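K.L.:
The structure's right below; bear with me while I get my questions together.
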Amino acid sequence: MTKATTKKTMQRKHVNIRFAGDSGDGMQLMGTLFANASAIKTNDLFNFADYPAEIRAPAGTVHGVSGYQLSFADHKIYTPGDKIDVLVAMNPAALKTNLADLIEHGTIIYNADNFTERDLTKAGYAENPLSNADLLKHRLFAIPMNELTLAAVKDLNLSQSQAKKCKNMLALGIVTWIFDRPLQPLVEWVQQKFHADEQLATANVTALETGYNYALATDLFTEQYTVNKADLAPGVYRKVTGNQALALGCVVAAQLSQQPVLMAGYPITPASTVLHELAQYKQYNVTTFQAEDEISAICAAIGAAYGGSLAATVTSGPGLDLKTESLGLAVMSELPLVTMVIQRAGPSTGMPTKSEQTDLLAVVYGRHGECPIPILAPATPHDCFAITLEAFRLAIKYMTPVIILSDGYLATGADAWRLPDVKSLPDLKPQFCDKPTTNFTPYQRDPHTLARPWVIPGTPGLEHRIGSLEKHNNSGNISYEPQNHHEMVNLRQQKINGIANDLPPLTLLGKDSGDILVIAWGSTYGAVTTAVTELQQTGMKVSALHLRYLYPLQKDLAAICKRFNKIFIPELNSGQLHRLLRMELFIDSIPYNQITGKPFSIAELKQRITEL
Amino acid sequence: MKTSPFATDQDVRWCPGCGDYAILANMLKVLPTLGIARENLVFISGIGCASRFPYYVNTYGFHTIHGRAPAIATGLKLTRPELSVWVVTGDGDGLSIGANHLIHLLRRNLDIKILLFNNQIYGLTKGQYSPTSAQGIVTKTSPQGSVERPLNATALALTAGATFVARCFDIDGAGLQNIIKAAAKHRGSAFIEILQNCNVFNDKTFVHLSDRQVRADRTLWLTAGEPMLYGKDKNKGLMLQNNKFSELTVAAPQDVKKLLVHQPELPDPHLALHLSQLDWPDYPVAMGILRQVDLPTYEDLIAQRAQQTRDDHPPKDLTSLLKAGTSWIVK
């Protein structure tokens with residue numbers, strides 16, 4: 001095909017695009033492929049998948065809209081963006097649910113074949129929104145996607161519904177041309193994806209190429225946009241979601257420790273994908289166990305830790321509640337255990353597919369008795385990998401359960417990850433106690449770490465009994481002596497407090513003193529980093545600190561806070577870090593809280609910080 | 001008991017007269033005969049009187065939290081399949097708060113042995129009715145008599161798909177030792193319900209069955225391959241007629257041929273389930289090994305899957321592992 005008209009090429013620094021359609025329309029596949037094509041262009045990228053809790057809500061309704069958002073840029077980016085520049089809407093419901101997120105003069109590419117009166121009714125539109133003046137301020141591209149797709153694959157022996165299903169590939173072809181992404185790798189990926197069915201592979205590739213050629217040939221699109229390569233640190237990169245990175249962390253921990261890993265979980269949104277991922281790595285000495293309930297999952301992990309495995313369990317809020325008593329057992333028996341908590345909107349069942357940071361105080365203080373557990377929180381999807389290795393390092397070294405506090409946004413979001421040099425990864429080989437001595441006792445502690453010995457059952461000469469009852473320090477025998485209990489409570493706390501000496505110093509974004517210090521933790525890293533960087537460029541005396549260690553806190557935190565006039569803590573909860581710092585360090589701060597199930601917008605944060 | 005090579009230096013702190021002493025003594029007698037090295041034995045318990053057991057056995061031991069011993073044992077067995085793992089639980093621990101874990105352990109057929117001490121009462125919390133207490137029992141939480149129907153532990157284990165199910169009295173030393181030995185040899189989940197006396201809160205609850213004067217007439221000791229004969233004079237037997245058990249007084253030697261022959265190896269658990277539910281005074285209570293079948297263990301199947309994965313997709317080095325999927329190079 002030849003170009004019908006001369007087309008202009010425009011440079012863009014940064015594009016946010018969202019694909020939205022029915023949850024059965026293949027939006028996630030379309031988005032993933034587009035993201036991979038953008039990665040090949042070596043843009044920096046960040047994506048966020050927004051899918052409904054319903055698996056197959058009635059087609060065409062707003063409840064069933066699934067979205068995939070990708071931000072790609074010629075510079076380093078930290079979020080999938082506040083607003084979207086381009087919306088690809090496969091039906092009126094997709095338009096309705098996503099329109100509010102579009103920039104002032106945005107672009108809407110929509111499937112014109114799915115805007116019949118019936119489709120509009122299903123989406124709850126009383127009249128056609130396409131004729132609404134408000135919508136006309138955007139650039140609208142009406143594409144008869146069904147018609148084009150059916151025509152493209154008509155010679156293949158497909159049913160009408162099979163043929164129609166290829167329309168996501170047609171749409172992908174169109175945006176691939178518009179944003180100057182390479183077509184050939186996409187063709188290969190699609191072939192690979194449908195390798196089991198040659199007919200379907202051909203149909204999808206045909207639809208993809210048809211879309212691409214249509215965009216190239218049609219007079220509808222007069223401009224092509226290109227985003228240059230981002231200036232990123234050299235290395236090998238891949239795209240990774242937070243939950244994939246948690247899983248990879250476990251696999252790599254098994255290799256670094258040369259010990260088996262047992263991951264036990266019970267299906268729960270948005271944590272299950274960690275279990276799905278890990279189930280595919282059995283050749284790496286990883287066992288996954290789908291337990292009968294959340295309690296069984298953590299207890300199986302405790303049993304595995306008792307047996308000398310690197311043990312982990314993964315859950316979300318309701319599951320965390322159920323695991324609470326067992327976490328106490330891990331504290332009492334002083335066994336290494338990594339518990340991954342992927343926070344979601346609560347309380348109770350709440351909003352399972354929506355994200356928030358509301359479990360911080362629950363994991364720090366939410367157990368009966370004096371029951372300290374180190375808490376770590378990843379900052380980005382790819383940071384979930386490093387945080388997993390760090391959690392295992394601390395768990396093994398200090399013989400303690402460790403909690404990783406991730407959230408739904410990190411779990412399903414993906415960013416570009418520069419792969420670490422494997423030689424730089426920590427040594428996780430545990431020092432098992434395996435030498436029989438006449439005076440062995442299960443609670444004799446290392447004088448530096450206060451950790452007790454880790455003995456694998458099966459080791460001759462070291463048979464011993466441990467349990468959930470208070471025990472005599474050193475001997476481990478049951479003890480209800482008042483003074484011993486007091487000492488044991490203190491020892492367990494001191495052991496965790498001592499971890500602070502083993503943590504790296506904090507890194508400030510910006511000057512080390514000034515007017516405003518913004519403190520964040522977890523998934524708000526991206527929005528806060530972007531907002532603070534942009535404000536610094538305007539000359540504002542604002543710096544930012546990101547906490548990956550929430551318990552114990554890093555030792556230099558208090559001193560840094562003293563060097564700023566105001567401390568501002570934005571959180572996706574009602575002020576939990578704000579309260580934690582007040583309780584632990586007497587640091588007062590100005591909280592800013594949003595509990596909508598959605599991440600912060602950069603613009604809003606900038607405005608709030610400016611108003612301080 | 002202190003003389004056993006498997007005894008610990010801890011003082012045993014059950015109430016004087018508790019049925020648990022007899023169970024411990026029999027276990028301590030059997031352990032040296034099993035041919036399992038001390039270091040390869042692990043006793044895991046939950047909470048309750050029975051769950052103090054691990055402190056008194058000189059092997060590896062883990063006294064955990066209420067109801068969760070089967071789940072902890074599952075994790076241990078998955079990690080160290082070579083160990084001989086024993087769960088000690090009670091009727092509250094194993095059939096109330098931890099019933100879910102028990103069912104799923106049995107269903108999966110992990111090679112774990114479970115000793116459930118059933119005294120039909122909560123003892124350590126000082127006397128409340130339990131899920132196996134007789135209907136009408138007067139306790140601190142049921143001053144007018146409990147309205148709940150009791151759960152049959154052996155029947156539950158059978159319906160959960162346990163591959164070895166047995167029932168015994170605490171005071172039947174020989175019977176208990178034989179069952180423990182058979183359980184130790186069985187590859188798969190072995191469930192042993194031990195009817196145990198709590199002389200403080202539920203004294204003599206089994207005495208109508210276990211007392212030596214009446215035991216032979218009110219219980220039926222099942223022996224594989226043998227006709228179901230019982231009674232002081234071994235002159236009573238069980239027949240199956242129209243899907244119903246009936247008693248037959250054996251008058252002539254040929255009558256024995258009419259009796260059921262115990263076949264614990266039957267794949268179909270129906271008959272075992274039927275036997276497990278017989279109760280005095282209508283029928284004798286079935287004791288001994290009700291079911292013993294061979295099925296692959298969970299840990300073996302898991303290991304097979306892992307081996308299959310290693311064969312089909314051998315592990316790569318760390319760098320290649322991390323790069324998996326779509327990767328790209330920034331220069």
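FYI, nothing fancy with the structure tokens labels: chains A, B, ... in order, residues from 1 per chain, ligands from 1 as they appear.
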May I have the residues within 8 Å of B:Gly145 as a list in words, using only C-alpha atoms and disregarding those fewer than 4 positions away in the same chain?

P.N.:
Gln135, Gly136, Ile137, Val138 and Thr139 of chain B

K.L.:
Hey, what's within 10 Å of B:Glu299 if we count only C-alpha atoms and toss same-chain stuff fewer than 6 positions away? As a ChimeraX atom specification, please?

P.N.:
/B:74,77-81,108-111,188,305

K.L.:
Identify all chain A residues at most 7 Å from chain B by counting only C-alpha atoms; ligands do not count. Present them as a PyMOL selection string.

P.N.:
chain A and resi 36+39-40+42+232+234-238+282-284+292+296+299-304+306-307+309+422+457-460+463-468

K.L.:
Give me a file of those residues, with N, CA and C atoms, as a short mmCIF file (atom, residue, chain, number, x, y, z; two decimals), in the first residue's frame.

P.N.:
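The resulting part01.cif:
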data_model
loop_
_atom_site.label_atom_id
_atom_site.label_comp_id
_atom_site.auth_asym_id
_atom_site.auth_seq_id
_atom_site.Cartn_x
_atom_site.Cartn_y
_atom_site.Cartn_z
N ASN A 36 5.42 -3.96 24.99
CA ASN A 36 6.65 -4.64 24.55
C ASN A 36 7.25 -3.95 23.32
N ALA A 39 8.97 -0.98 24.48
CA ALA A 39 10.23 -1.32 25.14
C ALA A 39 11.33 -1.47 24.10
N ILE A 40 10.98 -2.06 22.97
CA ILE A 40 11.96 -2.26 21.90
C ILE A 40 12.46 -0.93 21.36
N THR A 42 13.12 1.34 23.17
CA THR A 42 13.86 1.81 24.36
C THR A 42 13.33 3.14 24.91
N LEU A 232 18.47 6.15 29.43
CA LEU A 232 18.44 5.27 30.60
C LEU A 232 19.82 4.68 30.81
N PRO A 234 22.73 2.17 30.92
CA PRO A 234 22.91 1.03 30.03
C PRO A 234 22.71 -0.30 30.77
N GLY A 235 22.22 -1.26 30.04
CA GLY A 235 22.01 -2.57 30.64
C GLY A 235 20.94 -3.34 29.91
N VAL A 236 20.65 -4.53 30.44
CA VAL A 236 19.55 -5.34 29.89
C VAL A 236 18.31 -5.01 30.70
N TYR A 237 17.23 -4.73 30.00
CA TYR A 237 15.98 -4.35 30.65
C TYR A 237 14.90 -5.37 30.32
N ARG A 238 13.95 -5.47 31.24
CA ARG A 238 12.72 -6.17 30.92
C ARG A 238 11.58 -5.48 31.67
N LYS A 282 9.18 -24.64 39.00
CA LYS A 282 9.47 -25.83 39.82
C LYS A 282 10.87 -26.38 39.61
N GLN A 283 11.46 -26.09 38.45
CA GLN A 283 12.81 -26.63 38.19
C GLN A 283 13.88 -25.87 38.97
N TYR A 284 13.47 -24.80 39.66
CA TYR A 284 14.43 -24.00 40.41
C TYR A 284 14.35 -24.26 41.92
N GLU A 292 -5.57 -24.99 51.99
CA GLU A 292 -7.03 -25.00 52.13
C GLU A 292 -7.57 -23.69 52.70
N SER A 296 -3.71 -22.11 56.97
CA SER A 296 -2.93 -23.27 56.57
C SER A 296 -1.73 -22.83 55.73
N CYS A 299 0.88 -21.47 58.01
CA CYS A 299 1.39 -22.54 58.88
C CYS A 299 2.25 -23.52 58.09
N ALA A 300 1.86 -23.82 56.87
CA ALA A 300 2.70 -24.70 56.04
C ALA A 300 4.06 -24.03 55.82
N ALA A 301 4.04 -22.71 55.62
CA ALA A 301 5.30 -21.99 55.44
C ALA A 301 6.14 -22.06 56.72
N ILE A 302 5.49 -21.95 57.87
CA ILE A 302 6.22 -22.06 59.14
C ILE A 302 6.82 -23.47 59.27
N GLY A 303 6.04 -24.47 58.89
CA GLY A 303 6.55 -25.85 58.93
C GLY A 303 7.75 -26.02 58.01
N ALA A 304 7.69 -25.38 56.84
CA ALA A 304 8.81 -25.47 55.90
C ALA A 304 10.04 -24.75 56.46
N TYR A 306 10.72 -24.37 59.61
CA TYR A 306 11.19 -25.27 60.68
C TYR A 306 12.05 -26.38 60.06
N GLY A 307 11.70 -26.77 58.84
CA GLY A 307 12.43 -27.82 58.15
C GLY A 307 13.65 -27.32 57.38
N SER A 309 13.73 -24.77 55.02
CA SER A 309 13.48 -24.14 53.73
C SER A 309 13.42 -22.63 53.88
N VAL A 422 24.18 -10.35 38.45
CA VAL A 422 23.92 -11.42 39.43
C VAL A 422 25.03 -11.51 40.48
N PRO A 457 15.46 -30.39 61.48
CA PRO A 457 15.12 -31.72 61.99
C PRO A 457 15.73 -32.78 61.07
N GLY A 458 16.28 -33.79 61.67
CA GLY A 458 17.03 -34.79 60.90
C GLY A 458 18.51 -34.69 61.23
N THR A 459 18.90 -33.57 61.91
CA THR A 459 20.30 -33.41 62.32
C THR A 459 20.53 -34.25 63.59
N PRO A 460 21.43 -35.23 63.53
CA PRO A 460 21.62 -36.09 64.72
C PRO A 460 22.23 -35.31 65.87
N GLU A 463 18.43 -32.96 68.72
CA GLU A 463 16.98 -33.06 68.92
C GLU A 463 16.57 -32.10 70.04
N HIS A 464 15.49 -31.39 69.80
CA HIS A 464 15.02 -30.43 70.80
C HIS A 464 13.55 -30.15 70.54
N ARG A 465 12.92 -29.49 71.48
CA ARG A 465 11.52 -29.14 71.37
C ARG A 465 11.37 -27.62 71.43
N ILE A 466 10.56 -27.07 70.51
CA ILE A 466 10.24 -25.65 70.60
C ILE A 466 8.72 -25.52 70.59
N GLY A 467 8.25 -24.32 70.85
CA GLY A 467 6.80 -24.19 70.86
C GLY A 467 6.32 -22.77 71.06
N SER A 468 5.00 -22.64 71.14
CA SER A 468 4.38 -21.33 71.20
C SER A 468 4.28 -20.80 72.63
#

K.L.:
What does the distance from atom CA of B:Phe164 to atom CA of B:Arg291 come to in Å, to one decimal?

P.N.:
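Separating atom CA of B:Phe164 from atom CA of B:Arg291 is a distance of 5.2 Å.
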
K.L.:
With distances taken over only C-alpha atoms, which residue among A:Ser355, A:Gln224, A:Gln258, A:Asn47 lies nearest A:Thr524?

P.N.:
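Residue with the minimum atom-to-atom distance to A:Thr524: A:Ser355.
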
K.L.:
Can you list, as a ChimeraX atom specification, every protein, DNA or RNA residue that comes within 12 Å of A:Gly265 when you count only C-alpha atoms, leaving out same-chain residues fewer than 2 positions away?

P.N.:
/A:262-263,267-269,271-276,278-279,287-301,311-316,319-320,323,338-341 /B:75

K.L.:
From a backbone DSSP assignment, name each residue in stretch 48-117 of chain B labelled alpha helix (DSSP H), as a PDB file with C-alpha atoms, in the first residue's frame.

P.N.:
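result_24.pdb written:
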ATOM      1  CA  ALA B  69      -0.471 -28.807  63.644  1.00  0.00           C
ATOM      2  CA  PRO B  70      -1.623 -30.592  60.439  1.00  0.00           C
ATOM      3  CA  ALA B  71      -0.833 -27.490  58.349  1.00  0.00           C
ATOM      4  CA  ILE B  72       2.598 -27.052  59.935  1.00  0.00           C
ATOM      5  CA  ALA B  73       3.309 -30.754  59.519  1.00  0.00           C
ATOM      6  CA  THR B  74       2.317 -30.459  55.849  1.00  0.00           C
ATOM      7  CA  GLY B  75       4.885 -27.708  55.257  1.00  0.00           C
ATOM      8  CA  LEU B  76       7.564 -29.686  57.068  1.00  0.00           C
ATOM      9  CA  LYS B  77       6.818 -32.884  55.148  1.00  0.00           C
ATOM     10  CA  LEU B  78       6.907 -31.030  51.815  1.00  0.00           C
ATOM     11  CA  THR B  79      10.330 -29.707  52.763  1.00  0.00           C
ATOM     12  CA  ASP B  91     -10.976 -33.578  69.802  1.00  0.00           C
ATOM     13  CA  GLY B  92     -11.098 -29.794  70.247  1.00  0.00           C
ATOM     14  CA  ALA B  99     -10.910 -29.626  61.512  1.00  0.00           C
ATOM     15  CA  ASN B 100     -10.355 -27.999  58.149  1.00  0.00           C
ATOM     16  CA  HIS B 101      -6.613 -28.692  58.163  1.00  0.00           C
ATOM     17  CA  LEU B 102      -7.162 -32.259  59.322  1.00  0.00           C
ATOM     18  CA  ILE B 103      -9.601 -33.008  56.498  1.00  0.00           C
ATOM     19  CA  HIS B 104      -7.265 -31.579  53.871  1.00  0.00           C
ATOM     20  CA  LEU B 105      -4.177 -33.346  55.155  1.00  0.00           C
ATOM     21  CA  LEU B 106      -6.040 -36.667  54.954  1.00  0.00           C
ATOM     22  CA  ARG B 107      -7.499 -35.865  51.530  1.00  0.00           C
ATOM     23  CA  ARG B 108      -4.044 -35.069  50.156  1.00  0.00           C
TER      24      ARG B 108
END

K.L.:
Using only C-alpha atoms, which residues sit within 12 Å of A:Tyr214 once same-chain residues fewer than 6 positions away are excluded, as a PyMOL selection string?

P.N.:
chain A and resi 1-4+143-145+148-149+152+170-178+206-208+220-221

K.L.:
Would you please work out which residue, of B:Lys113, B:Lys126, B:Arg212, B:Lys234, is nearest to B:Ala182 when using only C-alpha atoms?

P.N.:
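The answer is B:Lys113, which sits nearest to B:Ala182.
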
K.L.:
Could you go through stretch 115-330 of chain B and tell me which residues DSSP, when run on the backbone, assigns to strand (DSSP E), listing them as JSON, numbers by chain?

P.N.:
{"B": [115, 116, 117, 118, 164, 165, 166, 167, 168, 169, 190, 191, 192, 193, 194, 195, 219, 220, 221, 222, 229, 230, 236, 237, 238, 239, 240, 241, 244, 245, 246, 247, 248, 249, 285, 286, 287, 288, 289, 290, 291, 292, 327, 328, 329, 330]}

K.L.:
Leaving out B:Pro264 and any residue of its chain fewer than 4 positions from it, which residues lie within 9 Å of it when counting only C-alpha atoms, given as a list in words?

P.N.:
Phe164, Leu222, Thr223, Ala224, Gly225, Pro269, Ala272, Ile289, Leu290, Arg291, Gln292 and Val293 of chain B

K.L.:
Excluding A:Gly31 and residues on its chain fewer than 5 positions from it, collect all residues at most 9 Å away from it, counting only C-alpha atoms, and give them as a PyMOL selection string.

P.N.:
chain A and resi 18-19+26+36+47+49+67-70+172

K.L.:
Identify, on the basis of only C-alpha atoms, every residue whose closest approach to A:Lys41 does not exceed 12 Å; exclude the query and any residue fewer than 3 positions from it along the same chain; express the result as number ranges by chain.

P.N.:
A: 34-38, 44-45, 72-74, 176, 179-183, 185, 226-231, 237; B: 327-330

K.L.:
So the first atom is atom CA of B:Gly48 and the second is atom CA of B:Leu124; what is the distance between them in Å, to one decimal place?

P.N.:
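Between atom CA of B:Gly48 and atom CA of B:Leu124 the gap is 5.5 Å.
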
K.L.:
Which one is closest to A:Asp50: A:Ala20, A:Val489, A:Leu29, A:Ala395? Count only C-alpha atoms.

P.N.:
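The answer is A:Ala20, which sits nearest to A:Asp50.
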